[in-house]
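Trainee: Next up, entry-v6.cif (mmCIF, C-alpha atoms).
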```cif
data_query
loop_
_atom_site.group_PDB
_atom_site.id
_atom_site.type_symbol
_atom_site.label_atom_id
_atom_site.label_comp_id
_atom_site.auth_asym_id
_atom_site.auth_seq_id
_atom_site.Cartn_x
_atom_site.Cartn_y
_atom_site.Cartn_z
ATOM 1 C CA MET A 189 5.722 -2.538 18.186
ATOM 2 C CA ALA A 190 6.191 0.613 20.239
ATOM 3 C CA PRO A 191 8.636 3.220 18.874
ATOM 4 C CA VAL A 192 10.984 2.757 21.849
ATOM 5 C CA SER A 193 11.029 -1.019 21.325
ATOM 6 C CA LEU A 194 11.694 -0.526 17.619
ATOM 7 C CA LEU A 195 14.603 1.830 18.339
ATOM 8 C CA LEU A 196 16.079 -0.535 20.937
ATOM 9 C CA ASN A 197 15.725 -3.505 18.563
ATOM 10 C CA VAL A 198 17.534 -1.638 15.768
ATOM 11 C CA LEU A 199 20.326 -0.633 18.156
ATOM 12 C CA TRP A 200 20.406 -4.208 19.494
ATOM 13 C CA ILE A 201 20.996 -5.625 16.009
ATOM 14 C CA LEU A 202 23.683 -3.042 15.253
ATOM 15 C CA VAL A 203 25.665 -3.642 18.461
ATOM 16 C CA GLY A 204 25.763 -7.416 18.416
ATOM 17 C CA GLY A 205 22.301 -8.877 18.798
ATOM 18 C CA ALA A 206 22.508 -10.384 15.329
ATOM 19 C CA TRP A 207 25.631 -12.282 16.384
ATOM 20 C CA MET A 208 23.889 -14.005 19.297
ATOM 21 C CA ALA A 209 20.815 -14.718 17.153
ATOM 22 C CA PHE A 210 23.183 -16.378 14.688
ATOM 23 C CA GLY A 211 24.515 -18.547 17.533
ATOM 24 C CA TRP A 212 20.962 -19.674 18.313
ATOM 25 C CA LEU A 213 20.362 -20.363 14.626
ATOM 26 C CA VAL A 214 23.518 -22.486 14.432
ATOM 27 C CA ALA A 215 22.363 -24.462 17.475
ATOM 28 C CA SER A 216 18.972 -24.951 15.815
ATOM 29 C CA VAL A 217 20.503 -26.204 12.571
ATOM 30 C CA ILE A 218 22.873 -28.579 14.382
ATOM 31 C CA MET A 219 19.982 -30.009 16.368
ATOM 32 C CA ALA A 220 17.861 -30.405 13.219
ATOM 33 C CA ILE A 221 20.671 -32.199 11.373
ATOM 34 C CA THR A 222 20.926 -34.813 14.105
ATOM 35 C CA ILE A 223 17.215 -35.694 13.647
ATOM 36 C CA ILE A 224 17.120 -36.742 17.323
ATOM 37 C CA GLY A 225 17.427 -33.064 18.212
ATOM 38 C CA LEU A 226 14.323 -31.922 16.303
ATOM 39 C CA PRO A 227 12.357 -30.983 19.449
ATOM 40 C CA TRP A 228 15.225 -28.721 20.521
ATOM 41 C CA ALA A 229 15.672 -27.333 17.010
ATOM 42 C CA ARG A 230 12.220 -25.756 17.059
ATOM 43 C CA ALA A 231 12.765 -24.196 20.483
ATOM 44 C CA ALA A 232 16.186 -22.865 19.446
ATOM 45 C CA PHE A 233 14.777 -21.395 16.240
ATOM 46 C CA ASN A 234 11.979 -19.592 18.114
ATOM 47 C CA ILE A 235 14.492 -18.190 20.570
ATOM 48 C CA ALA A 236 16.794 -17.165 17.692
ATOM 49 C CA ILE A 237 13.986 -14.940 16.441
ATOM 50 C CA TYR A 238 13.430 -13.631 19.973
ATOM 51 C CA THR A 239 17.166 -12.986 20.312
ATOM 52 C CA LEU A 240 17.110 -10.960 17.113
ATOM 53 C CA LEU A 241 14.264 -8.738 18.372
ATOM 54 C CA PRO A 242 14.095 -9.019 22.195
ATOM 55 C CA PHE A 243 12.549 -5.656 23.038
ATOM 56 C CA GLY A 244 8.759 -5.626 23.066
ATOM 57 C CA SER A 245 8.523 -9.376 23.716
ATOM 58 C CA ARG A 246 9.064 -11.699 26.627
ATOM 59 C CA ALA A 247 9.369 -15.422 27.242
ATOM 60 C CA VAL A 248 6.876 -17.124 29.545
ATOM 61 C CA ASN A 249 6.004 -20.702 30.402
ATOM 62 C CA ARG A 250 3.653 -22.176 27.808
ATOM 63 C CA ASP A 251 1.269 -23.507 30.455
ATOM 64 C CA GLN A 252 0.708 -19.929 31.688
ATOM 65 C CA VAL A 253 -0.407 -18.907 28.206
ATOM 66 C CA THR A 254 -2.504 -21.946 27.328
ATOM 67 C CA GLY A 255 -3.717 -22.734 30.829
ATOM 68 C CA ALA A 256 -2.930 -26.415 30.383
ATOM 69 C CA GLY A 257 0.168 -28.558 30.656
ATOM 70 C CA ASP A 258 1.691 -30.414 27.723
ATOM 71 C CA ILE A 259 4.720 -32.553 26.922
ATOM 72 C CA GLY A 260 7.114 -29.588 27.002
ATOM 73 C CA THR A 261 5.919 -28.291 30.362
ATOM 74 C CA GLY A 262 5.796 -31.692 32.105
ATOM 75 C CA PRO A 263 8.401 -34.250 33.169
ATOM 76 C CA LEU A 264 9.509 -34.913 29.571
ATOM 77 C CA GLY A 265 10.166 -31.194 29.189
ATOM 78 C CA VAL A 266 12.432 -31.283 32.245
ATOM 79 C CA ILE A 267 14.391 -34.193 30.770
ATOM 80 C CA GLY A 268 14.561 -32.337 27.446
ATOM 81 C CA ASN A 269 15.858 -29.214 29.168
ATOM 82 C CA ILE A 270 18.557 -31.207 30.965
ATOM 83 C CA ILE A 271 19.706 -32.699 27.668
ATOM 84 C CA TRP A 272 19.578 -29.224 26.080
ATOM 85 C CA PHE A 273 21.671 -27.766 28.901
ATOM 86 C CA VAL A 274 24.389 -30.378 28.390
ATOM 87 C CA LEU A 275 24.459 -30.121 24.589
ATOM 88 C CA ALA A 276 23.987 -26.420 23.864
ATOM 89 C CA GLY A 277 22.480 -24.422 26.707
ATOM 90 C CA TRP A 278 25.585 -23.750 28.721
ATOM 91 C CA TRP A 279 27.616 -22.256 25.849
ATOM 92 C CA LEU A 280 24.754 -20.076 24.635
ATOM 93 C CA ALA A 281 24.173 -18.858 28.201
ATOM 94 C CA LEU A 282 27.892 -18.220 28.621
ATOM 95 C CA GLY A 283 27.928 -16.144 25.433
ATOM 96 C CA HIS A 284 25.005 -14.062 26.692
ATOM 97 C CA VAL A 285 26.557 -13.562 30.141
ATOM 98 C CA LEU A 286 29.936 -12.507 28.724
ATOM 99 C CA THR A 287 28.239 -10.093 26.344
ATOM 100 C CA ALA A 288 26.125 -8.737 29.220
ATOM 101 C CA VAL A 289 29.254 -8.041 31.271
ATOM 102 C CA ILE A 290 30.746 -6.077 28.370
ATOM 103 C CA PHE A 291 27.558 -4.034 27.903
ATOM 104 C CA ALA A 292 27.134 -3.400 31.639
ATOM 105 C CA ILE A 293 30.384 -1.410 31.727
ATOM 106 C CA THR A 294 28.615 1.611 30.234
ATOM 107 C CA ILE A 295 25.375 3.202 31.360
ATOM 108 C CA ILE A 296 24.047 3.220 27.799
ATOM 109 C CA GLY A 297 24.633 -0.534 27.518
ATOM 110 C CA ILE A 298 22.677 -1.486 30.652
ATOM 111 C CA PRO A 299 19.370 -2.216 28.804
ATOM 112 C CA PHE A 300 21.273 -4.469 26.415
ATOM 113 C CA ALA A 301 23.074 -6.183 29.305
ATOM 114 C CA TRP A 302 19.723 -6.832 30.984
ATOM 115 C CA ALA A 303 18.318 -8.314 27.749
ATOM 116 C CA HIS A 304 21.352 -10.602 27.465
ATOM 117 C CA LEU A 305 20.873 -11.805 31.049
ATOM 118 C CA LYS A 306 17.219 -12.638 30.330
ATOM 119 C CA LEU A 307 18.323 -14.533 27.224
ATOM 120 C CA ALA A 308 20.972 -16.383 29.248
ATOM 121 C CA GLY A 309 18.248 -17.683 31.539
ATOM 122 C CA ILE A 310 16.228 -18.854 28.566
ATOM 123 C CA ALA A 311 19.348 -20.472 27.086
ATOM 124 C CA LEU A 312 19.607 -22.718 30.119
ATOM 125 C CA TRP A 313 15.970 -23.925 30.117
ATOM 126 C CA PRO A 314 14.167 -23.209 26.772
ATOM 127 C CA ILE A 315 11.759 -26.135 26.434
ATOM 128 C CA GLY A 316 8.233 -25.208 27.524
ATOM 129 C CA LYS A 317 8.706 -21.469 26.878
ATOM 130 C CA VAL A 318 6.763 -19.363 24.426
ATOM 131 C CA ILE A 319 7.488 -15.823 23.220
ATOM 132 C CA VAL A 320 4.643 -13.340 23.725
ATOM 133 C CA PRO A 321 4.316 -9.585 23.252
ATOM 134 C CA ALA A 322 5.304 -7.647 26.368
#
```
Please rewrite the model in this file as structure tokens.
Mentor:
Amino acid sequence: MAPVSLLLNVLWILVGGAWMAFGWLVASVIMAITIIGLPWARAAFNIAIYTLLPFGSRAVNRDQVTGAGDIGTGPLGVIGNIIWFVLAGWWLALGHVLTAVIFAITIIGIPFAWAHLKLAGIALWPIGKVIVPA
């Protein structure tokens, strides 16, 4: 990890990134408890880790990385993302957007606001995404 990414990740955790990662972890645990939500639990857990350390990584479609489609990037993935949006995606995205607005008030907070907006997009449609180094 580059020194700038490391510094931004430490600052991110100190100014509230851990709180949003905790929200993703809670969503993951709730989905895992329901048993039916296990496919979403894995995606939420991976994004919880990404939310904890967002600088130096990025989320991309899995078929771009592997070069082949799979269940998560096909029609079943779309259905899964719709179900995710209804159950958990909208409130996680809302939390990221509200936090981004607060950070965008100051010039120093703009990188953190931008990271929250990227995470809000992922919160709406996480199935079929994979986290890769930037």
Trainee: Using the chain letters and numbering of this document, enumerate as a list in words the residues selected by the PyMOL selection byres ((chain A and resi 218) around 12).
Mentor: Gly211, Trp212, Leu213, Val214, Ala215, Ser216, Val217, Met219, Ala220, Ile221, Thr222, Ile223, Ile224, Gly225, Leu226, Pro227, Trp228, Ala229, Arg230, Ala232, Phe233, Leu275 and Ala276 of chain A
Trainee: I would like the residues chosen by the PyMOL selection byres ((chain A and resi 279) around 12) on the shown file; could you give them as a ChimeraX atom specification?
Mentor: /A:208,211-212,215,272-278,280-286,308-309,311-312
Trainee: Within 12 Å of Ala190 (chain A), counting all atoms listed in the file, which residues qualify if same-chain residues fewer than 5 places away don't, as a PyMOL selection string?
Mentor: chain A and resi 195-197+243-245+321-322
Trainee: Residues picked by the PyMOL selection byres ((chain A and resi 319) around 6) here, as a ChimeraX atom specification?
Mentor: /A:246-247,318,320
Trainee: Would you compute the distance between CA of Trp302 (chain A) and CA of Val253 (chain A)? Give it in Å to one decimal.
Mentor: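 That distance, rounded to one decimal, is 23.6 Å.
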Trainee: A:Met189, A:Leu264, A:Ile270, A:Leu240: which is nearest Val203 (chain A), counting all atoms listed in the file?
Mentor: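 Checking each of A:Met189, A:Leu264, A:Ile270, A:Leu240 against Val203 (chain A), counting all atoms listed in the file, the winner is A:Leu240.
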Trainee: Ranking A:Leu307, A:Thr239, A:Pro191, A:Thr261 by minimum distance to Phe210 (chain A) and counting all atoms listed in the file, which one comes first?
Mentor: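 Nearest candidate to Phe210 (chain A) out of A:Leu307, A:Thr239, A:Pro191, A:Thr261: A:Thr239.
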Trainee: Could you name the residues that touch Asn249 (chain A) at 12 Å or less, counting all atoms listed in the file, but leaving out those on the same chain fewer than 6 positions away, as a list of chain:residue names?
Mentor: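 Once the nearby chain positions are removed, what remains is A:Gly255, A:Ala256, A:Gly257, A:Asp258, A:Gly260, A:Thr261, A:Gly262, A:Gly265, A:Ile310, A:Trp313, A:Pro314, A:Ile315, A:Gly316, A:Lys317, A:Val318, A:Ile319, A:Val320.
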Trainee: In Å, with one decimal, what is the gap from CA of Ile296 (chain A) to CA of Ile237 (chain A)?
Mentor: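 A separation of 23.7 Å between them.
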Trainee: Mind pulling up the distance from CA of Ile259 (chain A) to CA of His304 (chain A)?
Mentor: 27.5 Å
